[in-house]
Amino acid sequence: MKIKMYRNLLISVLLATALAGCSMFGDDGAGSGSDSNGASGANTSGVGSVSSFSGHPLDDPSSPLSTKVIYFEFDSSAIASQYESVLAAHGAYLAANPGTSVILEGHADERGTREYNVALSEKRAKSVQNLISLQGANGNQSEVVGFGEEKPASMGHDEQSWQLNRRVEIVYPAH
Amino acid sequence: MKHVLNRFTLVLLFITTPAMSALKIEITQGVSSAQPVAIVPFGSGPVVGALPVDIAQVISDDLNRSGRFKVLPRTDLLSRPSSADQVNFRNWQVLGQDNLVIGKVTQAVNGSLNVQFQLFDVYKGEQLTGFSIPARLSNLRAVAHRISDLIYEKLTGQKGAFSTRIAYITSQAGPSGKPEYKIQVADADGFAPKTIVSSTEPLMSPAWSPRGDKLSYVSFEGTRSAIYSQTLSTGAREKLKSFKGINGAPAWSPDGTQLALTLSKDGSADIYVYNVITRSFRRLTKSYAIDTEPAWSPDGRQLIFTSDRGGKPQLYRTSINGGRAARLTFEGDYNARGRYSPDGKSVVMVQRVNRQYKIAMLDLKNGFTRTLTKGHLDESPSFAPNGSMILYSTKDGLKSILAAVSSDGQVHQKFRLQGGEVREPAWSPYKAD
């Protein structure tokens, strides 16, 4: 059952990535050699071909689903066009897996005031949520949290760190 | 996996656990117009013995810290009188002192202590004020701060704020490497910090109740943010009903019956008012933009808040009955988190100037804005209850520390705490008693 679901998903992801002009998988290795309860945890296993991947689709390094952090410009919650295919893939994955839920954690860099940054980071998470939901996932499959500048990914105080901290993390709690 | 969602939040409540380290305050810039005052080490009666607190030193530190006084260094004292009959005013005139404080600690009949002090005008050769204050060995610092308040008020005409407290957030890596967030409450001089709550998820936005008996704050423990109100004497806390989305920026009304806050349950972040008595929520702002960081005017009739409804964050003011909000700030493209001065005449805020974030003061009468601080990431300004100083957080190298500036921008000081980051200071109101 699961295997079939993943195949369907892969097809939709392939379509999404093809439409967005992104790179594609080498071959369809999902399911082969892995057991059917892959959703409960990571189970990457080695296979013969270098280009194949037999782990969980969320971990496939060549899939847009492997991108789980979206970055933003200063004081902006607009999604850069480069992430549209990534969010379409996550949306399609959720639509294909109605039992899966995701938490969208918004963050801000340290500049500006702290509660404003909480609101800004929530706005970022909601932008991500809006794009994901376009693929037909159920509204209660995703939840947003705005952490503001309280949980930086990088501890520095320069543009390099700030860039890394203005982000939304796509978190699959059960994965 | 790369990111395992951490919902194993550890929250500890403390009532009287003393923290390991105290804040150290350093005055980085004073004023030349500070009044010279001599404070003689207090004498003690024969049965009192050695005291655990150097009262004169606590008073000297308080007065020096205010920036309004320049206390004569102890090494320059020519005599050490502890009663009026030992004072030779001419000696103090020669030392260039305007005022003199002397005092002594004596044993009271019931075994407790009495702290006496006298403040003199050196040139007139007369006493300006003098008190005898009952004390115990355990509260001598509080008595010293009380004396500082009395001296400050007598000499400046403004009520002293030395007996107040400050709250602030600290964060540092805990034993497991995970961050540990704390809210601490300390005396206004940074002494005796106590942790009142500690968590592995963020704590933010501490806000004093107008009586100073409770502290409200935002905690991300659990699955979403929530506002808690904690009674400081007992450590007991109450969780405000929390909603989907933001539960943030709590601010007590001056009469203590309402709490302004930010919720995003109806879409974007908006200002709501929670009535403590009826336990009901009322929506105050309705915009597609971010509205947050509410603060009450001292008369409780208006609120200021941050909004990006005009494209960039600016301060707006609205009646607590709702209605159209008027924009308050026009200088620069980032003005946020305003706080009224206790007299209601000005607003202190965070302003971006040349890509740096500084504390600025807006005069509500003429609309003029003045930059008060020199840092590049200054934030969270909080007025002393007498309006004399503004506490805020700044960067000291890579670390976040507390700093204070006098409301005229002249006196600057830094508060240093060993260990982690210190931020979001909130100066308490005067004590209720």
# chains A, B, ... in the order shown; residues from 1 in each chain; ligands from 1
>>> interface_residues(of="chain B", to="chain A", cutoff="8 Å", atoms="only C-alpha atoms", output="mmCIF file with C-alpha atoms, in the first residue's frame")
data_model
loop_
_atom_site.group_PDB
_atom_site.id
_atom_site.type_symbol
_atom_site.label_atom_id
_atom_site.label_comp_id
_atom_site.auth_asym_id
_atom_site.auth_seq_id
_atom_site.Cartn_x
_atom_site.Cartn_y
_atom_site.Cartn_z
ATOM 1 C CA MET B 1 17.038 13.218 11.391
ATOM 2 C CA HIS B 3 15.526 18.225 12.981
ATOM 3 C CA VAL B 4 13.640 16.312 15.601
ATOM 4 C CA LEU B 5 10.871 18.488 16.869
ATOM 5 C CA PRO B 202 12.165 30.606 24.622
ATOM 6 C CA SER B 205 8.510 39.895 27.021
ATOM 7 C CA ARG B 224 2.675 27.015 21.107
ATOM 8 C CA GLY B 245 -0.889 31.533 16.517
ATOM 9 C CA ILE B 246 0.762 34.357 18.433
ATOM 10 C CA GLY B 248 2.505 37.719 22.868
ATOM 11 C CA ALA B 249 3.528 41.183 24.044
ATOM 12 C CA SER B 268 -2.595 38.694 11.125
ATOM 13 C CA ALA B 269 -1.168 39.891 14.440
ATOM 14 C CA ILE B 290 1.299 43.335 11.774
ATOM 15 C CA THR B 292 1.958 44.325 18.034
ATOM 16 C CA GLU B 293 3.932 45.616 21.032
ATOM 17 C CA THR B 306 3.941 48.945 16.375
ATOM 18 C CA ALA B 336 9.058 50.136 17.047
ATOM 19 C CA ARG B 337 8.221 48.952 20.573
ATOM 20 C CA VAL B 350 13.746 51.462 19.014
ATOM 21 C CA TYR B 357 19.181 50.150 15.934
ATOM 22 C CA LEU B 377 21.588 46.580 18.089
ATOM 23 C CA GLU B 379 16.458 47.276 21.996
ATOM 24 C CA SER B 380 13.795 46.800 24.696
ATOM 25 C CA LEU B 398 29.240 39.464 20.646
#
>>> residues_around(residues="Asp85 in chain B", least_positions_apart="5", cutoff="12 Å", atoms="only C-alpha atoms", output="JSON, numbers by chain")
{"B": [80, 102, 118, 125, 126, 127]}
>>> closest_residue(among="A:Val102, A:Ala125, A:Leu65, A:Leu164", to="Leu87 in chain A", atoms="only C-alpha atoms")
A:Leu65
>>> closest_residue(among="A:Ser133, A:Asn97, A:Gln160, A:Asn165", to="Pro57 in chain A", atoms="only C-alpha atoms")
A:Asn97
>>> closest_residue(among="B:Gly300, B:Gly190, B:Pro81, B:Gly177", to="Gly344 in chain B", atoms="only C-alpha atoms")
B:Gly300
>>> residues_around(residues="Asp266 in chain B", least_positions_apart="5", cutoff="10 Å", atoms="only C-alpha atoms", output="number ranges by chain")
B: 243-245, 283, 286
>>> residues_around(residues="Leu284 in chain B", least_positions_apart="3", cutoff="8 Å", atoms="only C-alpha atoms", output="list in words")
Asp270, Ile271, Tyr272, Val273, Ile320, Asn321 and Gly322 of chain B
>>> residues_around(residues="Met389 in chain B", least_positions_apart="4", cutoff="9 Å", atoms="only C-alpha atoms", output="list in words")
Ser66, Ser382, Phe383, Ala384, Pro385, Ala404, Val405, Ser406, Ser407, Asp408, Gly409 and Val411 of chain B
>>> select_by_dssp(residues="range 15-97 of chain B", states="strand (DSSP E)", output="PyMOL selection string")
chain B and resi 24-29+35-39+43-44+69-71
>>> atom_distance(atom1="CA of Gln116 in chain B", atom2="CA of Ser233 in chain B")
29.0 Å
>>> residues_around(residues="range 105-108 of chain B", least_positions_apart="2", cutoff="7 Å", atoms="only C-alpha atoms", output="number ranges by chain")
B: 42-45, 47-48, 110-116
>>> write_last_selection(atoms="N, CA and C atoms", output="CSV table (one decimal), in the first residue's frame")
chain,number,residue,atom,x,y,z
B,42,PHE,N,29.0,54.5,57.9
B,42,PHE,CA,28.2,54.6,59.1
B,42,PHE,C,28.9,54.0,60.3
B,43,GLY,N,28.7,54.6,61.4
B,43,GLY,CA,29.2,54.1,62.7
B,43,GLY,C,28.3,53.0,63.2
B,44,SER,N,28.8,52.3,64.2
B,44,SER,CA,27.9,51.3,64.8
B,44,SER,C,28.1,51.3,66.3
B,45,GLY,N,27.0,51.0,67.0
B,45,GLY,CA,27.0,51.0,68.4
B,45,GLY,C,27.8,49.8,68.9
B,47,VAL,N,27.3,47.1,70.8
B,47,VAL,CA,26.8,45.7,70.7
B,47,VAL,C,26.5,45.2,69.3
B,48,VAL,N,26.5,46.1,68.4
B,48,VAL,CA,26.1,45.8,67.0
B,48,VAL,C,27.1,44.9,66.3
B,110,ASN,N,14.4,45.7,71.5
B,110,ASN,CA,13.9,44.4,71.2
B,110,ASN,C,14.9,43.5,70.5
B,111,GLY,N,16.2,43.9,70.4
B,111,GLY,CA,17.2,43.1,69.7
B,111,GLY,C,17.3,43.4,68.3
B,112,SER,N,16.4,44.1,67.7
B,112,SER,CA,16.6,44.4,66.2
B,112,SER,C,17.4,45.7,66.1
B,113,LEU,N,17.6,46.2,64.9
B,113,LEU,CA,18.5,47.3,64.7
B,113,LEU,C,17.8,48.6,64.4
B,114,ASN,N,18.5,49.7,64.6
B,114,ASN,CA,18.0,51.0,64.1
B,114,ASN,C,19.1,51.6,63.3
B,115,VAL,N,18.7,52.1,62.1
B,115,VAL,CA,19.7,52.8,61.2
B,115,VAL,C,19.3,54.2,61.2
B,116,GLN,N,20.2,55.1,61.7
B,116,GLN,CA,19.9,56.6,61.7
B,116,GLN,C,20.8,57.2,60.6
>>> closest_residue(among="A:Gly139, A:Leu131, A:Ala153, A:Ser161", to="Ser81 in chain A", atoms="only C-alpha atoms")
A:Leu131
>>> select_by_dssp(residues="range 32-143 of chain A", states="helix (DSSP H, G or I)", output="PyMOL selection string")
chain A and resi 38-40+57-59+64-66+81-96+114-133+139-141
>>> decode(residues="range 23-65 of chain B", atoms="N, CA and C atoms", output="compact mmCIF listing (two decimals), in the first residue's frame")
# COMPACT_ATOMS: atom_id res chain seq x y z
N LEU B 23 24.88 40.93 38.90
CA LEU B 23 25.20 41.90 37.87
C LEU B 23 26.24 42.88 38.40
N LYS B 24 27.12 43.29 37.53
CA LYS B 24 28.10 44.30 37.93
C LYS B 24 27.85 45.54 37.07
N ILE B 25 27.73 46.67 37.73
CA ILE B 25 27.38 47.88 36.99
C ILE B 25 28.60 48.78 36.84
N GLU B 26 28.73 49.32 35.66
CA GLU B 26 29.90 50.15 35.37
C GLU B 26 29.39 51.41 34.68
N ILE B 27 29.78 52.56 35.22
CA ILE B 27 29.34 53.81 34.61
C ILE B 27 30.31 54.16 33.50
N THR B 28 29.80 54.24 32.28
CA THR B 28 30.69 54.46 31.15
C THR B 28 30.78 55.92 30.75
N GLN B 29 29.80 56.70 31.20
CA GLN B 29 29.86 58.14 30.92
C GLN B 29 29.00 58.88 31.92
N GLY B 30 29.58 59.87 32.60
CA GLY B 30 28.83 60.63 33.58
C GLY B 30 28.64 62.06 33.11
N VAL B 31 28.22 62.93 34.04
CA VAL B 31 28.04 64.34 33.66
C VAL B 31 28.88 65.22 34.57
N SER B 32 29.31 66.35 34.04
CA SER B 32 30.15 67.24 34.82
C SER B 32 29.32 68.02 35.84
N SER B 33 28.02 68.12 35.60
CA SER B 33 27.17 68.91 36.48
C SER B 33 26.71 68.13 37.72
N ALA B 34 27.24 66.91 37.89
CA ALA B 34 26.81 66.10 39.04
C ALA B 34 27.15 66.81 40.35
N GLN B 35 26.22 66.75 41.31
CA GLN B 35 26.42 67.43 42.61
C GLN B 35 27.40 66.65 43.48
N PRO B 36 28.40 67.35 44.06
CA PRO B 36 29.32 66.66 44.96
C PRO B 36 28.67 66.38 46.32
N VAL B 37 28.79 65.16 46.79
CA VAL B 37 28.22 64.78 48.08
C VAL B 37 29.20 63.83 48.79
N ALA B 38 29.34 64.02 50.10
CA ALA B 38 30.19 63.12 50.89
C ALA B 38 29.30 62.19 51.70
N ILE B 39 29.62 60.92 51.67
CA ILE B 39 28.87 59.94 52.44
C ILE B 39 29.85 59.19 53.33
N VAL B 40 29.74 59.45 54.62
CA VAL B 40 30.70 58.90 55.57
C VAL B 40 30.27 57.48 55.95
N PRO B 41 31.25 56.54 56.03
CA PRO B 41 30.89 55.19 56.49
C PRO B 41 30.12 55.27 57.81
N PHE B 42 29.03 54.51 57.89
CA PHE B 42 28.17 54.58 59.07
C PHE B 42 28.88 53.98 60.28
N GLY B 43 28.69 54.64 61.42
CA GLY B 43 29.21 54.10 62.66
C GLY B 43 28.29 53.01 63.18
N SER B 44 28.76 52.27 64.17
CA SER B 44 27.87 51.28 64.77
C SER B 44 28.08 51.26 66.28
N GLY B 45 26.99 51.04 66.98
CA GLY B 45 27.02 50.98 68.44
C GLY B 45 27.84 49.80 68.92
N PRO B 46 28.23 49.78 70.18
CA PRO B 46 29.15 48.77 70.71
C PRO B 46 28.63 47.33 70.58
N VAL B 47 27.32 47.11 70.77
CA VAL B 47 26.84 45.72 70.74
C VAL B 47 26.49 45.23 69.33
N VAL B 48 26.53 46.15 68.36
CA VAL B 48 26.09 45.76 67.01
C VAL B 48 27.10 44.85 66.32
N GLY B 49 28.39 45.18 66.49
CA GLY B 49 29.43 44.36 65.85
C GLY B 49 29.53 44.63 64.36
N ALA B 50 30.20 43.73 63.66
CA ALA B 50 30.41 43.90 62.22
C ALA B 50 29.10 43.65 61.48
N LEU B 51 28.81 44.53 60.53
CA LEU B 51 27.57 44.40 59.75
C LEU B 51 27.84 43.71 58.42
N PRO B 52 26.87 42.95 57.94
CA PRO B 52 27.08 42.24 56.66
C PRO B 52 27.02 43.17 55.44
N VAL B 53 26.54 44.40 55.65
CA VAL B 53 26.38 45.32 54.52
C VAL B 53 27.04 46.65 54.86
N ASP B 54 27.82 47.20 53.93
CA ASP B 54 28.39 48.53 54.09
C ASP B 54 27.35 49.52 53.56
N ILE B 55 26.54 50.04 54.50
CA ILE B 55 25.39 50.86 54.11
C ILE B 55 25.82 52.09 53.30
N ALA B 56 26.87 52.76 53.77
CA ALA B 56 27.32 53.98 53.08
C ALA B 56 27.78 53.67 51.66
N GLN B 57 28.36 52.47 51.48
CA GLN B 57 28.82 52.09 50.14
C GLN B 57 27.62 51.86 49.20
N VAL B 58 26.59 51.20 49.71
CA VAL B 58 25.38 50.97 48.89
C VAL B 58 24.77 52.31 48.48
N ILE B 59 24.70 53.24 49.43
CA ILE B 59 24.14 54.57 49.12
C ILE B 59 25.02 55.29 48.10
N SER B 60 26.35 55.21 48.30
CA SER B 60 27.27 55.87 47.37
C SER B 60 27.09 55.33 45.95
N ASP B 61 27.01 54.00 45.84
CA ASP B 61 26.84 53.38 44.52
C ASP B 61 25.52 53.82 43.88
N ASP B 62 24.45 53.85 44.68
CA ASP B 62 23.15 54.28 44.16
C ASP B 62 23.24 55.70 43.59
N LEU B 63 23.79 56.61 44.40
CA LEU B 63 23.81 58.02 44.00
C LEU B 63 24.74 58.24 42.81
N ASN B 64 25.90 57.57 42.82
CA ASN B 64 26.81 57.68 41.67
C ASN B 64 26.13 57.18 40.41
N ARG B 65 25.42 56.07 40.52
CA ARG B 65 24.78 55.43 39.37
C ARG B 65 23.72 56.33 38.73
